[in-house]
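Dumped run12.txt below, it's compact mmCIF, C-alpha atoms:
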```txt
# COMPACT_ATOMS: atom_id res chain seq x y z
CA MET A 1 12.35 -15.50 31.93
CA THR A 2 10.38 -12.44 30.85
CA THR A 3 9.35 -11.56 27.34
CA SER A 4 9.37 -7.96 26.16
CA ASN A 5 6.49 -6.44 24.21
CA ASN A 6 8.69 -6.23 21.10
CA GLU A 7 9.44 -9.96 21.25
CA LYS A 8 5.73 -10.74 21.65
CA LYS A 9 4.90 -8.42 18.76
CA ARG A 10 7.49 -10.10 16.52
CA ALA A 11 6.05 -13.52 17.37
CA ILE A 12 2.56 -12.33 16.50
CA ASP A 13 3.84 -10.70 13.33
CA LYS A 14 5.58 -13.91 12.27
CA GLU A 15 2.36 -15.86 12.65
CA LYS A 16 0.47 -13.24 10.68
CA VAL A 17 3.11 -13.37 7.95
CA LYS A 18 2.87 -17.17 7.82
CA GLU A 19 -0.91 -16.90 7.52
CA LEU A 20 -0.64 -14.31 4.75
CA GLU A 21 1.95 -16.36 2.85
CA LYS A 22 -0.38 -19.35 3.08
CA GLN A 23 -3.16 -17.17 1.63
CA LYS A 24 -0.83 -16.09 -1.18
CA ALA A 25 0.04 -19.73 -1.95
CA GLU A 26 -3.68 -20.55 -2.14
CA ALA A 27 -4.49 -17.39 -4.10
CA LYS A 28 -6.36 -17.75 -7.33
CA VAL A 29 -4.69 -16.93 -10.62
CA PHE A 30 -6.24 -13.95 -12.34
CA TYR A 31 -5.62 -12.07 -15.54
CA ALA A 32 -5.33 -8.38 -16.34
CA ASP A 33 -8.41 -8.39 -18.57
CA GLU A 34 -10.54 -9.84 -15.74
CA LEU A 35 -9.49 -7.06 -13.38
CA ALA A 36 -9.95 -4.39 -16.05
CA GLU A 37 -13.38 -5.69 -16.99
CA ARG A 38 -14.61 -5.50 -13.41
CA MET A 39 -13.15 -2.05 -12.81
CA ASN A 40 -14.67 -0.73 -16.06
CA GLN A 41 -18.10 -1.64 -14.68
CA GLU A 42 -17.69 1.14 -12.08
CA ILE A 43 -15.23 3.57 -13.66
CA PHE A 44 -16.30 5.10 -16.97
CA GLY A 45 -14.12 6.73 -19.61
CA GLN A 46 -10.80 5.40 -18.29
CA GLU A 47 -10.53 2.13 -20.20
CA GLU A 48 -6.94 2.68 -21.34
CA ALA A 49 -5.70 3.72 -17.89
CA ILE A 50 -7.50 0.80 -16.23
CA LYS A 51 -6.03 -1.63 -18.77
CA LYS A 52 -2.47 -0.43 -18.03
CA ILE A 53 -3.02 -0.45 -14.26
CA SER A 54 -4.46 -4.00 -14.44
CA GLU A 55 -1.46 -5.20 -16.46
CA ILE A 56 1.03 -3.70 -13.99
CA ILE A 57 -0.74 -5.20 -10.97
CA THR A 58 -1.15 -8.70 -12.43
CA ARG A 59 2.44 -8.78 -13.65
CA ASN A 60 3.72 -7.94 -10.17
CA PHE A 61 1.29 -10.33 -8.47
CA LYS A 62 2.65 -13.24 -10.53
CA ARG A 63 6.30 -12.52 -9.72
CA GLN A 64 8.07 -14.92 -7.43
CA ASN A 65 9.51 -11.95 -5.52
CA PRO A 66 6.97 -9.13 -5.86
CA GLU A 67 7.99 -5.50 -5.60
CA VAL A 68 6.06 -2.48 -4.41
CA THR A 69 3.67 -1.37 -7.15
CA VAL A 70 3.63 2.41 -7.60
CA ILE A 71 1.10 3.95 -9.96
CA MET A 72 1.07 7.67 -10.69
CA GLU A 73 -2.18 9.09 -12.03
CA PHE A 74 -2.41 12.52 -13.63
CA GLY A 75 -5.46 14.33 -14.89
CA LYS A 76 -8.22 16.81 -14.26
CA THR A 77 -10.43 16.72 -11.21
CA GLY A 78 -13.40 14.36 -11.45
CA ILE A 79 -12.16 11.91 -14.08
CA GLY A 80 -11.91 8.87 -11.78
CA LYS A 81 -8.34 8.81 -10.45
CA THR A 82 -9.42 8.42 -6.82
CA GLU A 83 -12.26 6.05 -7.69
CA ILE A 84 -9.82 3.66 -9.35
CA GLY A 85 -7.97 3.34 -6.06
CA LYS A 86 -11.18 2.91 -4.09
CA VAL A 87 -12.59 0.03 -6.20
CA LEU A 88 -9.27 -1.77 -6.67
CA PRO A 89 -9.17 -3.58 -3.28
CA LYS A 90 -12.68 -4.97 -3.74
CA TYR A 91 -11.86 -6.56 -7.08
CA LEU A 92 -8.41 -7.76 -6.05
CA THR A 93 -10.01 -9.48 -3.04
CA GLU A 94 -12.64 -11.10 -5.28
CA LEU A 95 -10.13 -12.26 -7.89
CA THR A 96 -7.32 -13.46 -5.60
CA GLY A 97 -9.07 -14.62 -2.44
CA ILE A 98 -6.66 -12.43 -0.43
CA GLU A 99 -8.21 -9.68 1.69
CA TYR A 100 -6.88 -6.34 0.41
CA GLY A 101 -7.12 -3.27 2.62
CA PHE A 102 -7.51 0.34 1.57
CA LYS A 103 -6.17 3.56 3.05
CA GLN A 104 -6.58 7.00 1.56
CA VAL A 105 -4.24 9.74 2.77
CA ALA A 106 -4.71 13.41 1.86
CA LEU A 107 -1.13 14.62 1.57
CA ASN A 108 -2.18 18.25 1.54
CA GLU A 109 -2.41 17.73 5.33
CA PHE A 110 1.34 16.94 5.44
CA VAL A 111 2.77 20.23 4.18
CA GLY A 112 5.16 21.03 7.06
CA ASP A 113 8.29 19.08 7.94
CA HIS A 114 6.91 18.44 11.44
CA TYR A 115 4.24 16.20 9.89
CA THR A 116 6.87 13.73 8.70
CA SER A 117 6.64 11.99 12.10
CA ARG A 118 2.98 11.09 11.44
CA PHE A 119 4.21 9.35 8.32
CA PHE A 120 7.40 7.60 9.41
CA GLY A 121 7.15 7.72 13.22
CA SER A 122 8.75 9.98 15.79
CA PRO A 123 12.23 9.18 17.10
CA PRO A 124 12.46 8.04 20.74
CA SER A 125 11.93 10.87 23.28
CA TYR A 126 10.11 13.07 20.73
CA VAL A 127 6.44 14.02 20.87
CA GLY A 128 4.37 11.36 19.13
CA TYR A 129 6.85 8.52 19.73
CA GLY A 130 5.03 5.18 19.54
CA GLY A 131 1.98 6.74 17.92
CA PRO A 132 0.35 5.30 14.83
CA THR A 133 1.79 6.10 11.40
CA VAL A 134 0.31 6.05 7.93
CA PHE A 135 1.91 2.65 7.28
CA GLU A 136 0.53 0.80 10.34
CA CYS A 137 -2.15 -0.80 8.15
CA VAL A 138 0.62 -2.44 6.07
CA ARG A 139 2.22 -3.83 9.22
CA LYS A 140 -1.12 -5.50 10.07
CA ASN A 141 -1.92 -6.68 6.52
CA PRO A 142 0.73 -6.30 3.79
CA TYR A 143 -1.91 -6.53 1.05
CA GLN A 144 -2.95 -2.88 0.89
CA VAL A 145 -3.93 -0.26 -1.63
CA LEU A 146 -2.55 3.06 -0.37
CA LEU A 147 -4.00 6.08 -2.13
CA PHE A 148 -1.88 9.21 -1.62
CA ASP A 149 -4.00 12.12 -2.80
CA GLU A 150 -2.37 15.43 -3.76
CA ILE A 151 1.16 14.10 -3.35
CA GLU A 152 2.59 17.24 -4.95
CA LYS A 153 1.68 19.20 -1.78
CA ALA A 154 3.60 16.97 0.66
CA SER A 155 6.68 18.24 2.49
CA ASP A 156 10.19 17.50 1.25
CA GLY A 157 10.76 15.06 4.12
CA ILE A 158 7.79 12.97 3.06
CA TRP A 159 8.89 13.10 -0.58
CA THR A 160 12.36 11.89 0.35
CA GLY A 161 11.03 9.05 2.51
CA LEU A 162 8.52 7.98 -0.12
CA MET A 163 11.07 7.99 -2.93
CA GLU A 164 13.33 5.75 -0.84
CA ALA A 165 10.39 3.45 -0.07
CA PHE A 166 9.38 3.32 -3.73
CA SER A 167 12.89 2.37 -4.85
CA THR A 168 13.66 -0.16 -2.10
CA GLY A 169 10.17 -1.45 -1.29
CA ILE A 170 10.89 -0.89 2.41
CA VAL A 171 9.73 1.88 4.74
CA HIS A 172 12.41 2.67 7.31
CA MET A 173 10.67 3.86 10.44
CA ALA A 174 12.14 6.78 12.42
CA ASP A 175 10.75 5.40 15.68
CA ASN A 176 13.18 2.44 15.57
CA SER A 177 10.36 -0.04 15.03
CA GLU A 178 10.80 -2.78 12.46
CA ASP A 179 10.93 -1.73 8.83
CA ILE A 180 7.76 -2.23 6.83
CA ASP A 181 7.87 -4.31 3.65
CA LEU A 182 5.75 -2.84 0.85
CA SER A 183 6.26 -5.66 -1.65
CA HIS A 184 2.59 -6.69 -1.57
CA SER A 185 1.25 -3.13 -1.50
CA ILE A 186 -0.08 -1.00 -4.31
CA ILE A 187 0.56 2.71 -3.95
CA ILE A 188 -1.44 5.14 -6.06
```
Could you quickly redo this structure as structure tokens?
Amino acid sequence: MTTSNNEKKRAIDKEKVKELEKQKAEAKVFYADELAERMNQEIFGQEEAIKKISEIITRNFKRQNPEVTVIMEFGKTGIGKTEIGKVLPKYLTELTGIEYGFKQVALNEFVGDHYTSRFFGSPPSYVGYGGPTVFECVRKNPYQVLLFDEIEKASDGIWTGLMEAFSTGIVHMADNSEDIDLSHSIII
């Protein structure tokens, strides 16, 4: 009996999921004010925004069935929007004991519809099929902070896919690979 690569991958993924669920069960309880206090040590002048972000994240973390956390930040250049996303994984890892990853994506690089495949995968027999996508890091570790910079410049195809992912918590991959669950991810 032979085993295909997809079957092996699923078996590995199941073990990783079991390990991550065990981490979640052993995770420390933390409070919004603890997260906000730590973030305010590095980000200055954004106390109110940090307080709200901390409340949203802790509320979702404590849910029995967490959902994808989507945070939209608006403001002038240089006020700390990107820095909030960059420091968040460090403090979430410290407070929860779960290793959070970080990925920053400049969406001004995804302005044409042909770039949608780099985001959601290329269909079989198309150029780029089987190549890495933006969401591969979530497949490896579902506890991620994804920072999508300049989202307003992304193509319509990426907007449509992201809006579906935000509402369902699932990324449906165009390359026919398994869907990616975003329920433990934070998207900024």
Taking into account all atoms listed in the file, which residue in the set A:Val138, A:Ile170, A:Ala106, A:Ile57 is nearest to Glu34 of chain A? A:Ile57
Atom CA of Ile53 of chain A and atom CA of Val134 of chain A are how many Å apart?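 If I compute the distance from atom CA of Ile53 of chain A to atom CA of Val134 of chain A, I get 23.4 Å.
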What is the distance, in Å and to one decimal place, between atom CA of Asp175 of chain A and atom CA of Leu162 of chain A? 16.2 Å
Ranking A:Asn141, A:Ser185, A:Thr82, A:Thr69 by minimum distance to Ser167 of chain A and counting all atoms listed in the file, which one comes first? A:Thr69
Residue nearest Gly80 of chain A - candidates A:Glu67, A:Met39, A:Phe61, A:Tyr115, atoms counted: only C-alpha atoms: A:Met39
Select, from A:Gly101, A:Gly85, A:Gly45, A:Gly75, the residue with the minimum atom-to-atom distance to Phe135 of chain A, counting only C-alpha atoms.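 Closest to Phe135 of chain A, using only C-alpha atoms: A:Gly101.
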Using only C-alpha atoms, the best pick from A:Glu48, A:Ile188, A:Arg139, A:Glu55 as closest to Asp33 of chain A would be A:Glu55
Please identify all polymer residues within 12 Å of Leu92 of chain A, counting only C-alpha atoms, omitting same-chain residues fewer than 5 positions from it, and present them as a VMD selection string. chain A and resid 27 to 32 34 to 36 38 to 39 54 57 to 58 61 84 to 87 97 to 102 143 to 145 184 to 186
I'd like the interatomic distance between atom CA of Glu21 of chain A and atom CA of Leu88 of chain A, to a tenth of an Å.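 Interatomic distance here is 20.7 Å.
Shortest atom-to-atom contact with Ala165 of chain A among A:Ile180, A:Asn108, A:Arg118, A:Glu19: A:Ile180, counting all atoms listed in the file.
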So that I can see what lies close to segment 148-155 of chain A, please list as a list of chain:residue names the residues with an atom at most 8 Å from it, counting only C-alpha atoms and leaving out residues fewer than 5 positions away in the same chain.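 My list of contacting residues is A:Thr82, A:Gln104, A:Val105, A:Ala106, A:Leu107, A:Asn108, A:Glu109, A:Phe110, A:Val111, A:Gly112, A:Asp113, A:Thr116, A:Ile187, A:Ile188.
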Within 7 Å of (1.0, 5.2, 8.1), in the coordinates the file gives, what residues turn up when you count all atoms listed in the file, written out as an mmCIF file with C-alpha atoms, in the coordinates of the input?
```cif
data_model
loop_
_atom_site.group_PDB
_atom_site.id
_atom_site.type_symbol
_atom_site.label_atom_id
_atom_site.label_comp_id
_atom_site.auth_asym_id
_atom_site.auth_seq_id
_atom_site.Cartn_x
_atom_site.Cartn_y
_atom_site.Cartn_z
ATOM 1 C CA PHE A 119 4.210 9.350 8.320
ATOM 2 C CA PHE A 120 7.400 7.600 9.410
ATOM 3 C CA PRO A 132 0.350 5.300 14.830
ATOM 4 C CA THR A 133 1.790 6.100 11.400
ATOM 5 C CA VAL A 134 0.310 6.050 7.930
ATOM 6 C CA PHE A 135 1.910 2.650 7.280
ATOM 7 C CA GLU A 136 0.530 0.800 10.340
ATOM 8 C CA CYS A 137 -2.150 -0.800 8.150
#
```
Find the axis-aligned box for segment 45-63 of chain A, covering all its listed atoms and adding 8 Å on each side, and write its centre and edge lengths in Å to one decimal as JSON.
```
{"center_x": -3.9, "center_y": -3.3, "center_z": -14.9, "size_x": 36.4, "size_y": 36.0, "size_z": 28.9}
```
